[in-house]
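Before any comments, here is the structure.
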Protein chains: 4
Amino acid sequence: MTQTSESATTRASGFRQSPAVAGAIDTIIAEMRAGADQITEIRGPIDELIEPYEECLRRAADSRGRALLYPYLGSGLGNGALVELMDGSVKWDMICGIGVQFFGHSDEDLIRASLMAATEDTIKHGNLQSNFGAFEFAETLIAEAKKNSDLAHAFVSTSGAMANENALKICFQKHAPASRVVAFRGCFMGRTTTMSQIGDNAAARVGIPLNTHVDYMPFYDEVGAERVGTARYIGSAVERLTEYFDRYPNQHACFIFELVQGEGGFNTAPRDYFKALMELCRDHGVAVWDDEIQTFGRIDRMFAYEMLDLGEYIDVVCVGKMTQACATLFTERYNPKPGLLSGTFTGAGVEFAAGTRVIERLRDGNYYGQNGTNAKHYQLFCEHVRALAAKHPALFPKAEGVADIVGGVGGMMRLTPFGGEKGPIVRSCQTLYDEGVIMFYCGHGPYHLRMLPPLGVMRAEDWPRVFECVERGLLAVAG
Amino acid sequence: MTQTSESATTRASGFRQSPAVAGAIDTIIAEMRAGADQITEIRGPIDELIEPYEECLRRAADSRGRALLYPYLGSGLGNGALVELMDGSVKWDMICGIGVQFFGHSDEDLIRASLMAATEDTIKHGNLQSNFGAFEFAETLIAEAKKNSDLAHAFVSTSGAMANENALKICFQKHAPASRVVAFRGCFMGRTTTMSQIGDNAAARVGIPLNTHVDYMPFYDEVGAERVGTARYIGSAVERLTEYFDRYPNQHACFIFELVQGEGGFNTAPRDYFKALMELCRDHGVAVWDDEIQTFGRIDRMFAYEMLDLGEYIDVVCVGKMTQACATLFTERYNPKPGLLSGTFTGAGVEFAAGTRVIERLRDGNYYGQNGTNAKHYQLFCEHVRALAAKHPALFPKAEGVADIVGGVGGMMRLTPFGGEKGPIVRSCQTLYDEGVIMFYCGHGPYHLRMLPPLGVMRAEDWPRVFECVERGLLAVAG
Amino acid sequence: MTQTSESATTRASGFRQSPAVAGAIDTIIAEMRAGADQITEIRGPIDELIEPYEECLRRAADSRGRALLYPYLGSGLGNGALVELMDGSVKWDMICGIGVQFFGHSDEDLIRASLMAATEDTIKHGNLQSNFGAFEFAETLIAEAKKNSDLAHAFVSTSGAMANENALKICFQKHAPASRVVAFRGCFMGRTTTMSQIGDNAAARVGIPLNTHVDYMPFYDEVGAERVGTARYIGSAVERLTEYFDRYPNQHACFIFELVQGEGGFNTAPRDYFKALMELCRDHGVAVWDDEIQTFGRIDRMFAYEMLDLGEYIDVVCVGKMTQACATLFTERYNPKPGLLSGTFTGAGVEFAAGTRVIERLRDGNYYGQNGTNAKHYQLFCEHVRALAAKHPALFPKAEGVADIVGGVGGMMRLTPFGGEKGPIVRSCQTLYDEGVIMFYCGHGPYHLRMLPPLGVMRAEDWPRVFECVERGLLAVAG
Amino acid sequence: MTQTSESATTRASGFRQSPAVAGAIDTIIAEMRAGADQITEIRGPIDELIEPYEECLRRAADSRGRALLYPYLGSGLGNGALVELMDGSVKWDMICGIGVQFFGHSDEDLIRASLMAATEDTIKHGNLQSNFGAFEFAETLIAEAKKNSDLAHAFVSTSGAMANENALKICFQKHAPASRVVAFRGCFMGRTTTMSQIGDNAAARVGIPLNTHVDYMPFYDEVGAERVGTARYIGSAVERLTEYFDRYPNQHACFIFELVQGEGGFNTAPRDYFKALMELCRDHGVAVWDDEIQTFGRIDRMFAYEMLDLGEYIDVVCVGKMTQACATLFTERYNPKPGLLSGTFTGAGVEFAAGTRVIERLRDGNYYGQNGTNAKHYQLFCEHVRALAAKHPALFPKAEGVADIVGGVGGMMRLTPFGGEKGPIVRSCQTLYDEGVIMFYCGHGPYHLRMLPPLGVMRAEDWPRVFECVERGLLAVAG
């Protein structure tokens with residue numbers, strides 16, 4: 001049925017390359033820019049919008065059956081790290097949807113990509129029918145991943161939880177009938193029934209029957225390791241893992257690693273710790289699955305396994321959040337049989353377009369390495385916390401089991417006021433929000449305040465302004 | 001910190017209501033329309049694009065580690081039920097990404113909504129931070145759902161599988177410690193580790209450990225019911241369900257119903273069948289969970305439970321596919337405790353915007369009822385199949401256990417050539433694709449060919465043209 | 001360290017062959033006989049013993065924390081089917097500890113064997129250290145089992161539940177990692193946490209977590225088979241089993257068969273029913289495990305698989321109850337790896353000695369075949385039930401789903417008064433006990449009265465005397 | 001139906017009190033004594049019996065499908081700690097069927113009790129019908145248990161594994177729906193499918209599917225505790241248990257304690273260790289289940305919880321081995337609902353009779369306390385090991401992680417030659433057997449040689465003779 005066409009391009013190409021379209025998008029961006037540029041500092045709500053905003057909050061709560069955690073409804077416009085809400089108030093967004101908006105609010109480049117994608121014939125793509133964007137996204141991601149690992153392919157999905165589900169399926173099938181999982185204490189894996197069980201937080205799975213066999217390993221504990229010495233500490237972890245492998249020979253499908261723990265508390269560990277555990281996995285035929293959903297892009301290398309030089313051990317990796325589209329990457333050896341992975345949705349075209357741009361910008365920018373943007377911002381963050389602590393030492397009493405009042409790496413920043421106690425830390429979140437800076441907490445005791453700031457658009461001069469809010473907020477809690 | 005603003009609107013409102021933006025979007029739509037209007041019939045690829053297309057297919061296969069099921073890469077433009085591929089070929093899309101594109105390809109209204117959403121400050125929204133679109137979508141959906149049920153709230157998520165996971169979590173928590181699930185034979189629930197287990201298809205869970213306790217019920221079997229009489233048939237189903245409830249008292253959290261089975265074969269059942277089973281569930285304190293992910297919108301009422309007048313029994317409902325954004329709806333009684341449902345992503349703004357429009361158009365259009373568009377198209381479909389069978393009776397030998405050569409309801413259309421045998425049915429899919437019509441199969445033996453056509457944009461006069469392709473394809477398989 | 005001894009026998013042989021020992025045992029037996037011979041008819045308690053008996057019942061209840069089901073405390077003497085209680089009362093024992101005492105009470109031969117075994121150096125034997133009795137028992141049993149099957153070895157244990165546990169372990173290991181079990185509806189497997197789950201009686205596992213995956217098959221239903229025809233009935237069972245095997249390919253370790261259901265209601269099935277299911281098992285590599293713990297010895301052949309000519313299909317068999325010692329028999333193919341089966345106890349020497357004698361007597365007696373003792377007694381039982389029903393038709397209203405008012409085979413005898421209703425059937429047990437005959441119920445609805453009489457010592461002339469009690473008892477319940 | 005009898009006793013009483021029976025039993029005992037008295041020292045086989053013995057070993061292996069672990073077939077006669085085999089050889093029995101024969105071989109008192117029990121009308125008793133012996137046994141046991149605990153009732157069964165199954169059922173039901181178990185690393189619980197999973201030895205459950213959720217605690221490690229200090233060691237154990245309880249709130253039914261680990265290596269722990277863990281259990285509503293199957297009777301008090309003064313914390317206790325009959329003891333609070341515990345067999349009359357005598361003799365003898373027989377024998381054992389080590393230091397190189405070359409308590413005695421290495425330890429067992437002393441190993445690395453000697457009949461002067469064999473055997477291995 002092949003035919004020679006009058007023109008050697010598709011109708012779609014014609015349309016998408018039309019100067020009229022390009023001009024229209026320029027117009028929209030210019031309008032957006034004009035609005036965004038007026039958002040330059042935090043502010044409170046516009047009087048006339050207070051009531052309508054309350055009404056919107058009520059409708060949101062009604063629709064989902066529960067009030068929002070923060071009374072946050074974005075207006076649809078922001079400017080870098082500043083975001084406007086529907087009541088006209090403006091805040092520093094230092095949490096960015098739990099790390100989703102690395103390039104902040106109303107980023108020109110991403111909006112441009114989204115607009116172009118929004119012109120496509122369908123909004124959502126899937127495994128049966130898809131435009132090319134999904135594969136371009138996967139290709140761009142894999143190209144980066146390959147640089148320092150054997151990762152070869154990427155299966156795209158719509159959420160981090162689903163990326164993790166696919167990773168688990170891959171590991172299970174590869175090592176069938178092994179049915180056990182090793183995970184770190186305090187880990188978080190997403191919100192499916194299975195991931196809620198692997199995730200080490202009882203509060204997130206009240207009422208869910210337990211049917212997944214998980215063996216937990218302690219995450220590296222800086223304080224503990226100092227006490228007994230790093231070598232002995234690692235040795236004792238290796239002993240624990242050996243105990244599991246001996247107890248259940250050939251019954252573990254995978255060890256799921258967060259190389260920097262997210263919900264668990266922005267905890268880090270030295271390379272040797274992971275290396276010893278990953279080698280043991282390799283020796284026992286247990287998949288090394290690296291969950292980079294929260295770390296991806298925002299630390300001292302694009303992938304945490306690069307930062308720690310662990311690429312050779314990696315079998316499966318998940319990414320998400322700032323990538324917009326989520327994905328499970330795997331080596332050739334772990335490529336599953338046909339029929340295991342599928343799904344109606346891989347995602348929306350705008351996600352692929354924006355996600356591809358995010359990866360390209362991370363790749364081409366100057367984010368990584370000791371002198372990269374991420375490291376520099378982390379340095380600034382630390383300086384500000386220490387200055388705050390020097391000024392108000394009462395805000396930072398000694399926290400049991402916490403090595404320092406600051407912690408994390410790159411764009412995963414934590415501070416530990418109030419001795420890491422749950423009560424004041426949780427209260428701080430609300431107070432800080434009211435004072436104009438959006439943050440969240442992490443850890444399961446000790447607790448920390450955390451930031452996942454939009455490092456892609458943060459400026460050095462933003463930090464003092466952010467910390468003014470932080471100072472006001474913490475003092476209010478200490479009150 | 002409240003302040004009186006010079007203007008009583010947000011910067012965002014200013015920008016989004018700007019005439020320049022509206023004009024720009026009009027421009028884009030006009031350009032799109034111009035291109036789309038040239039797509040008027042099926043055709044083969046443009047010669048010059050054959051090789052580049054092969055290269056793209058190879059890249060897609062490389063990126064995900066496996067060749068595509070259909071060699072389909074959309075160009076990004078289509079016209080109603082016709083879709084252009086990246087090689088310039090055009091096909092009838094009678095499967096629409098498994099029911100996702102009810103309004104076909106390059107729908108003006110949906111693209112307009114997407115463009116506007118694409119101007120927002122962030123692409124993805126979540127449970128911690130969101131613009132209002134997610135709630136507007138949920139509100140619009142709930143308003144429809146409430147009309148004939150006690151459904152009260154909707155929790156939005158990014159895939160049908162995740163909507164189902166949330167439904168399962170809700171049921172488990174409500175009925176904790178009940179840990180068993182009742183499901184229909186042949187059901188499909190999505191692709192998580194848990195849903196793959198509930199879904200009744202061994203091929204989809206090779207290597208996944210079994211840890212979910214599922215008790216299967218036969219789906220209504222028209223042929224079987226005729227043999228013994230409907231009353232006795234229903235009685236025997238009630239007996240089976242009673243056996244489960246007696247065997248495991250208070251240990252079932254839910255019965256998951258597909259009121260029209262999707263992957264299972266577009267099977268339907270009379271109201272009395274479901275009513276008897278749902279009443280038994282109600283009497284035993286077992287949640288009635290209605291999975292409408294494939295049925296939603298496309299049958300004789302917006303919700304299948306409306307079509308069957310079963311709203312009073314419904315505790316939890318999932319929707320997805322054509323809604324773009326997915327959701328779990330539940331009654332007040334099933335509203336879970338805080339902490340059970342959450343997630344980084346609820347979805348993209350474009351999905352909420354387009355999804356809201358889809359529901360509004362279904363609501364305001366003339367799709368439902370005996371004289372609705374959906375029913376009329378189904379009627380046309382049946383007529384064409386019967387005409388085809390009359391012309392080529394050899395294509396339609398008697399299929400064991402299949403009551404009729406056509407089946408389904410509304411926009412869920414199946415035909416059963418080749419006696420429902422797997423081999424020729426699966427081969428047909430490829431042949432039909434080559435002949436210019438994209439369809440898929442369903443059922444697990446007998447097998448059927450299925451269509452999930454874009455009824456929102458189909459015209460009566462399209463059917464003969466679609467069936468020309470079908471005829472060519474089936475004859476080719478019959479050889 | 002080998003040494004030439006003055007005598008070529010062990011000290012033990014010298015002792016056990018001593019005429020003084022033989023004489024002493026003769027003396028004891030003679031005394032026993034003299035006492036037993038005075039027990040010739042049922043009678044009520046001795047006045048002076050009523051109070052002491054009550055005290056003993058109270059002590060028994062105190063010791064175990066719950067009153068006895070029947071107020072039964074044996075005196076330690078009986079005479080065939082008659083047993084004396086500690087209060088001097090005498091009853092017909094038609095249940096024999098649920099089939100344990102096939103040779104009734106105070107059987108000379110078994111007591112003689114027990115006395116000799118009681119002279120041994122230790123009472124209990126085990127897998128590390130054992131006298132030869134355990135192996136002699138196993139040898140004797142295997143010799144019989146081999147006659148019509150490939151069974152090759154026997155692992156001895158102390159209870160039927162433990163024999164079943166060992167059978168399950170054998171099946172699991174052979175077919176690892178298959179983890180599912182097929183079982184008949186209404187089956188009973190013993191009282192471990194696992195067997196309580198496989199056993200189909202929710203009341204027996206209140207509070208026990210469900211972690212074993214069991215797929216239930218209907219046991220043959222005579223009434224149902226008649227309605228649709230045997231061939232179609234069997235076909236539908238094969239279809240159900242095929243459904244399970246398709247749903248969970250290679251995931252079933254075994255199908256556990258009771259060829260005559262015990263607790264389930266003394267249900268029987270034709271050879272073709274089992275044959276069809278066993279062939280399907282064989283074709284799918286699923287172990288055929290035959291639980292003969294209640295049937296062994298007491299029906300029309302020593303093994304039920306012989307009666308039904310199914311020996312060729314049998315992989316694993318369990319025996320118990322009347323064998324005193326219990327055992328798991330298996331073919332060479334199913335011989336497990338070292339380390340799977342073990343245990344401190346295999347049993348007591350008296351059990352092996354008596355168990356061996358039981359098997360020898362069954363082997364050498366005239367119990368089996370159409371004219372065997374077991375069949376004749378069953379015939380007499382049926383005649384008495386029919387005569388009773390003829391005399392008191394009101395006692396035997398039609399029981400839903402029960403083909404006949406009598407049922408079972410050989411020494412597994414059931415009658416179904418009161419329409420099989422639970423209430424009067426359970427009450428009957430107590431009333432019959434009071435009237436001088438000990439029976440029990442079986443089935444889970446309909447319910448039946450059952451006898452497991454001591455056919456090894458029953459005489460034809462006992463039946464009218466037993467049925468006098470039965471008549472009185474049932475009339476009392478009917479009121 | 002009550003009647004006045006001519007005599008106010010049962011026929012059974014008449015028989016059992018007959019002087020002829022008493023005389024006959026005296027005769028048997030005298031004959032037995034005469035034979036036993038000739039067994040006074042170890043010796044090799046009688047030449048003429050070597051071949052017949054081989055044949056018997058072959059038959060034993062054939063019957064069970066696997067050769068015996070030791071080539072041991074008892075003749076049925078012994079003398080205290082000496083046992084005669086069927087080939088006329090005599091050995092020191094220092095393992096006693098894994099602790100079953102506390103009163104050694106051919107004990108007059110126990111044989112007398114067995115003979116009398118062997119005259120009863122039935123051999124096996126059960127929950128439906130039983131003579132009084134089962135309750136007398138339970139009563140005697142409970143009377144002792146009550147002295148220092150709240151234990152109130154005992155459910156009798158035929159094996160330690162079954163006693164543990166009943167304990168688990170009791171704990172599960174009491175704390176339903178809690179489904180998790182806490183157990184010590186290296187524990188052993190018996191041989192059912194469930195107990196094989198809780199028991200921490202992968203080799204014993206090859207092929208058994210894992211479906212029981214067990215959280216393991218380290219057993220007290222003397223070496224480790226010394227390194228960090230006892231208080232910190234206990235604190236860290238409490239922290240681990242707290243982690244489990246926090247991770248799975250209200251989901252643990254029980255913590256199963258062996259107060260001295262048996263198979264795990266005869267490990268002991270200080271009271272404070274158990275106390276801290278038991279208190280945490282009590283605070284979290286988790287049953288404290290004390291498995292005394294191997295410890296019962298043989299250490300410094302009848303119950304290990306008495307030795308450690310922990311009776312107040314005990315909810316459920318299991319005993320077995322030397323008690324002949326096994327039992328699950330529980331407090332009033334843990335008395336399960338009707339229907340949970342049952343079973344065809346509680347055990348044989350001889351077991352109840354002998355078991356009752358065992359308890360009475362332990363109660364009335366001088367076994368316990370610092371100057372009790374058990375402690376004295378342990379002292380002698382230690383002296384002999386140390387003397388051996390002094391003479392042959394090369395036999396006892398330093399064993400990693402083992403505090404001393406001797407260990408255990410009372411009649412649980414271990415020595416650790418060869419640095420606790422598996423190879424030579426396992427070889428030692430066979431060599432020692434050949435040299436005339438039967439022992440076994442324990443531990444899972446380090447490994448130990450263990451004795452469970454018949455302390456009820458051992459004499460101080462036996463130890464040098466036993467250790468002559470030990471010395472020869474170990475030197476042979478060291479070779």
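Labels used: A, B, ... for chains in the order of the structure tokens, numbers from 1 for residues in each chain, and numbers from 1 for ligands as shown.
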
Spatial neighbours of Pro19 (chain A), 12 Å, only C-alpha atoms, chain gap at least 5 places, as a ChimeraX atom specification: /A:13-14,24-26 /B:27-28,31

Strand (DSSP E) per DSSP on the backbone: members of region 290-461 of chain D, as a PyMOL selection string: chain D and resi 290-291+316-319+326-331+347-348+406-409+412-415+437-438+440-442+448-451

For the selection you just gave me, I'd like the residues written to a file as an mmCIF file, in the first residue's frame, keeping N, CA and C atoms.
data_model
loop_
_atom_site.group_PDB
_atom_site.id
_atom_site.type_symbol
_atom_site.label_atom_id
_atom_site.label_comp_id
_atom_site.auth_asym_id
_atom_site.auth_seq_id
_atom_site.Cartn_x
_atom_site.Cartn_y
_atom_site.Cartn_z
ATOM 1 N N ASP D 290 7.637 -20.145 76.047
ATOM 2 C CA ASP D 290 8.901 -20.711 76.515
ATOM 3 C C ASP D 290 8.960 -22.179 76.080
ATOM 4 N N ASP D 291 9.858 -22.470 75.177
ATOM 5 C CA ASP D 291 10.004 -23.844 74.685
ATOM 6 C C ASP D 291 11.010 -24.572 75.569
ATOM 7 N N VAL D 316 3.035 -19.259 77.903
ATOM 8 C CA VAL D 316 2.864 -20.590 77.301
ATOM 9 C C VAL D 316 4.197 -21.321 77.423
ATOM 10 N N VAL D 317 4.131 -22.605 77.762
ATOM 11 C CA VAL D 317 5.342 -23.414 77.876
ATOM 12 C C VAL D 317 5.123 -24.751 77.177
ATOM 13 N N CYS D 318 6.128 -25.217 76.483
ATOM 14 C CA CYS D 318 6.057 -26.561 75.909
ATOM 15 C C CYS D 318 7.095 -27.459 76.560
ATOM 16 N N VAL D 319 6.686 -28.687 76.848
ATOM 17 C CA VAL D 319 7.641 -29.694 77.336
ATOM 18 C C VAL D 319 7.536 -30.940 76.464
ATOM 19 N N CYS D 326 4.143 -35.322 75.475
ATOM 20 C CA CYS D 326 4.498 -33.914 75.329
ATOM 21 C C CYS D 326 3.299 -33.052 75.715
ATOM 22 N N ALA D 327 3.534 -31.814 76.017
ATOM 23 C CA ALA D 327 2.410 -30.971 76.434
ATOM 24 C C ALA D 327 2.688 -29.499 76.208
ATOM 25 N N THR D 328 1.587 -28.780 76.010
ATOM 26 C CA THR D 328 1.594 -27.327 75.925
ATOM 27 C C THR D 328 0.898 -26.802 77.172
ATOM 28 N N LEU D 329 1.614 -26.061 77.977
ATOM 29 C CA LEU D 329 1.021 -25.489 79.191
ATOM 30 C C LEU D 329 0.699 -24.022 78.939
ATOM 31 N N PHE D 330 -0.376 -23.554 79.546
ATOM 32 C CA PHE D 330 -0.752 -22.157 79.311
ATOM 33 C C PHE D 330 -1.479 -21.608 80.526
ATOM 34 N N THR D 331 -1.452 -20.306 80.627
ATOM 35 C CA THR D 331 -2.150 -19.644 81.727
ATOM 36 C C THR D 331 -3.644 -19.567 81.419
ATOM 37 N N GLY D 347 -1.847 -39.558 73.019
ATOM 38 C CA GLY D 347 -0.657 -40.375 73.239
ATOM 39 C C GLY D 347 -1.033 -41.769 73.718
ATOM 40 N N ALA D 348 0.013 -42.557 74.014
ATOM 41 C CA ALA D 348 -0.191 -43.926 74.477
ATOM 42 C C ALA D 348 -0.228 -43.956 76.005
ATOM 43 N N VAL D 406 34.113 -25.496 77.619
ATOM 44 C CA VAL D 406 32.918 -26.195 78.119
ATOM 45 C C VAL D 406 31.784 -25.198 78.219
ATOM 46 N N GLY D 407 30.577 -25.696 78.127
ATOM 47 C CA GLY D 407 29.431 -24.818 78.246
ATOM 48 C C GLY D 407 28.170 -25.610 78.489
ATOM 49 N N GLY D 408 27.083 -24.887 78.712
ATOM 50 C CA GLY D 408 25.808 -25.521 78.985
ATOM 51 C C GLY D 408 25.430 -25.362 80.442
ATOM 52 N N VAL D 409 24.564 -26.205 80.895
ATOM 53 C CA VAL D 409 24.110 -26.162 82.285
ATOM 54 C C VAL D 409 23.461 -27.515 82.592
ATOM 55 N N MET D 412 22.747 -30.494 80.170
ATOM 56 C CA MET D 412 23.021 -30.018 78.807
ATOM 57 C C MET D 412 24.484 -29.625 78.770
ATOM 58 N N MET D 413 25.305 -30.480 78.247
ATOM 59 C CA MET D 413 26.757 -30.333 78.370
ATOM 60 C C MET D 413 27.379 -30.253 76.985
ATOM 61 N N ARG D 414 28.210 -29.253 76.802
ATOM 62 C CA ARG D 414 28.885 -29.165 75.515
ATOM 63 C C ARG D 414 30.386 -28.964 75.724
ATOM 64 N N LEU D 415 31.146 -29.481 74.804
ATOM 65 C CA LEU D 415 32.578 -29.178 74.775
ATOM 66 C C LEU D 415 32.919 -28.769 73.352
ATOM 67 N N VAL D 437 31.077 -44.372 72.827
ATOM 68 C CA VAL D 437 30.260 -43.363 73.503
ATOM 69 C C VAL D 437 29.418 -42.627 72.453
ATOM 70 N N ILE D 438 28.129 -42.563 72.722
ATOM 71 C CA ILE D 438 27.220 -41.931 71.757
ATOM 72 C C ILE D 438 26.987 -40.490 72.168
ATOM 73 N N PHE D 440 26.462 -36.244 70.207
ATOM 74 C CA PHE D 440 26.017 -35.601 68.983
ATOM 75 C C PHE D 440 26.584 -34.188 68.963
ATOM 76 N N TYR D 441 26.336 -33.486 67.900
ATOM 77 C CA TYR D 441 26.850 -32.117 67.856
ATOM 78 C C TYR D 441 25.699 -31.126 67.998
ATOM 79 N N CYS D 442 26.046 -29.878 68.188
ATOM 80 C CA CYS D 442 25.024 -28.820 68.197
ATOM 81 C C CYS D 442 25.677 -27.521 67.747
ATOM 82 N N HIS D 448 29.671 -27.539 68.374
ATOM 83 C CA HIS D 448 30.124 -28.144 69.628
ATOM 84 C C HIS D 448 29.759 -29.629 69.648
ATOM 85 N N LEU D 449 30.442 -30.380 70.506
ATOM 86 C CA LEU D 449 29.971 -31.733 70.826
ATOM 87 C C LEU D 449 29.057 -31.626 72.039
ATOM 88 N N ARG D 450 27.974 -32.354 71.987
ATOM 89 C CA ARG D 450 27.056 -32.223 73.113
ATOM 90 C C ARG D 450 26.713 -33.578 73.722
ATOM 91 N N MET D 451 26.388 -33.513 74.993
ATOM 92 C CA MET D 451 25.861 -34.654 75.723
ATOM 93 C C MET D 451 24.534 -34.265 76.356
#

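Ranking D:Ser179, D:Pro52, D:Asn164, D:Leu141 by their shortest atom-to-atom distance to chain B, with only C-alpha atoms included, puts D:Ser179 first.
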
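Near chain C, counting only C-alpha atoms at 8 Å, the chain B residues are Asp200, Asn201, Ala202, His213, Asp246, Arg247, Tyr248 and Pro249 of chain B.
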
Spatial neighbours of Glu279 (chain A), 10 Å, only C-alpha atoms, chain gap at least 5 places, as an MDAnalysis selection string: chainID A and resid 238 274 284:286 288 313

Long-range neighbours of Glu84 (chain B) as a VMD selection string, 10 Å cut-off, only C-alpha atoms, 4 positions minimum in chain: (chain A and resid 10 to 12 121) or (chain B and resid 36 39 41 to 45 72 to 79 88 to 93 105)
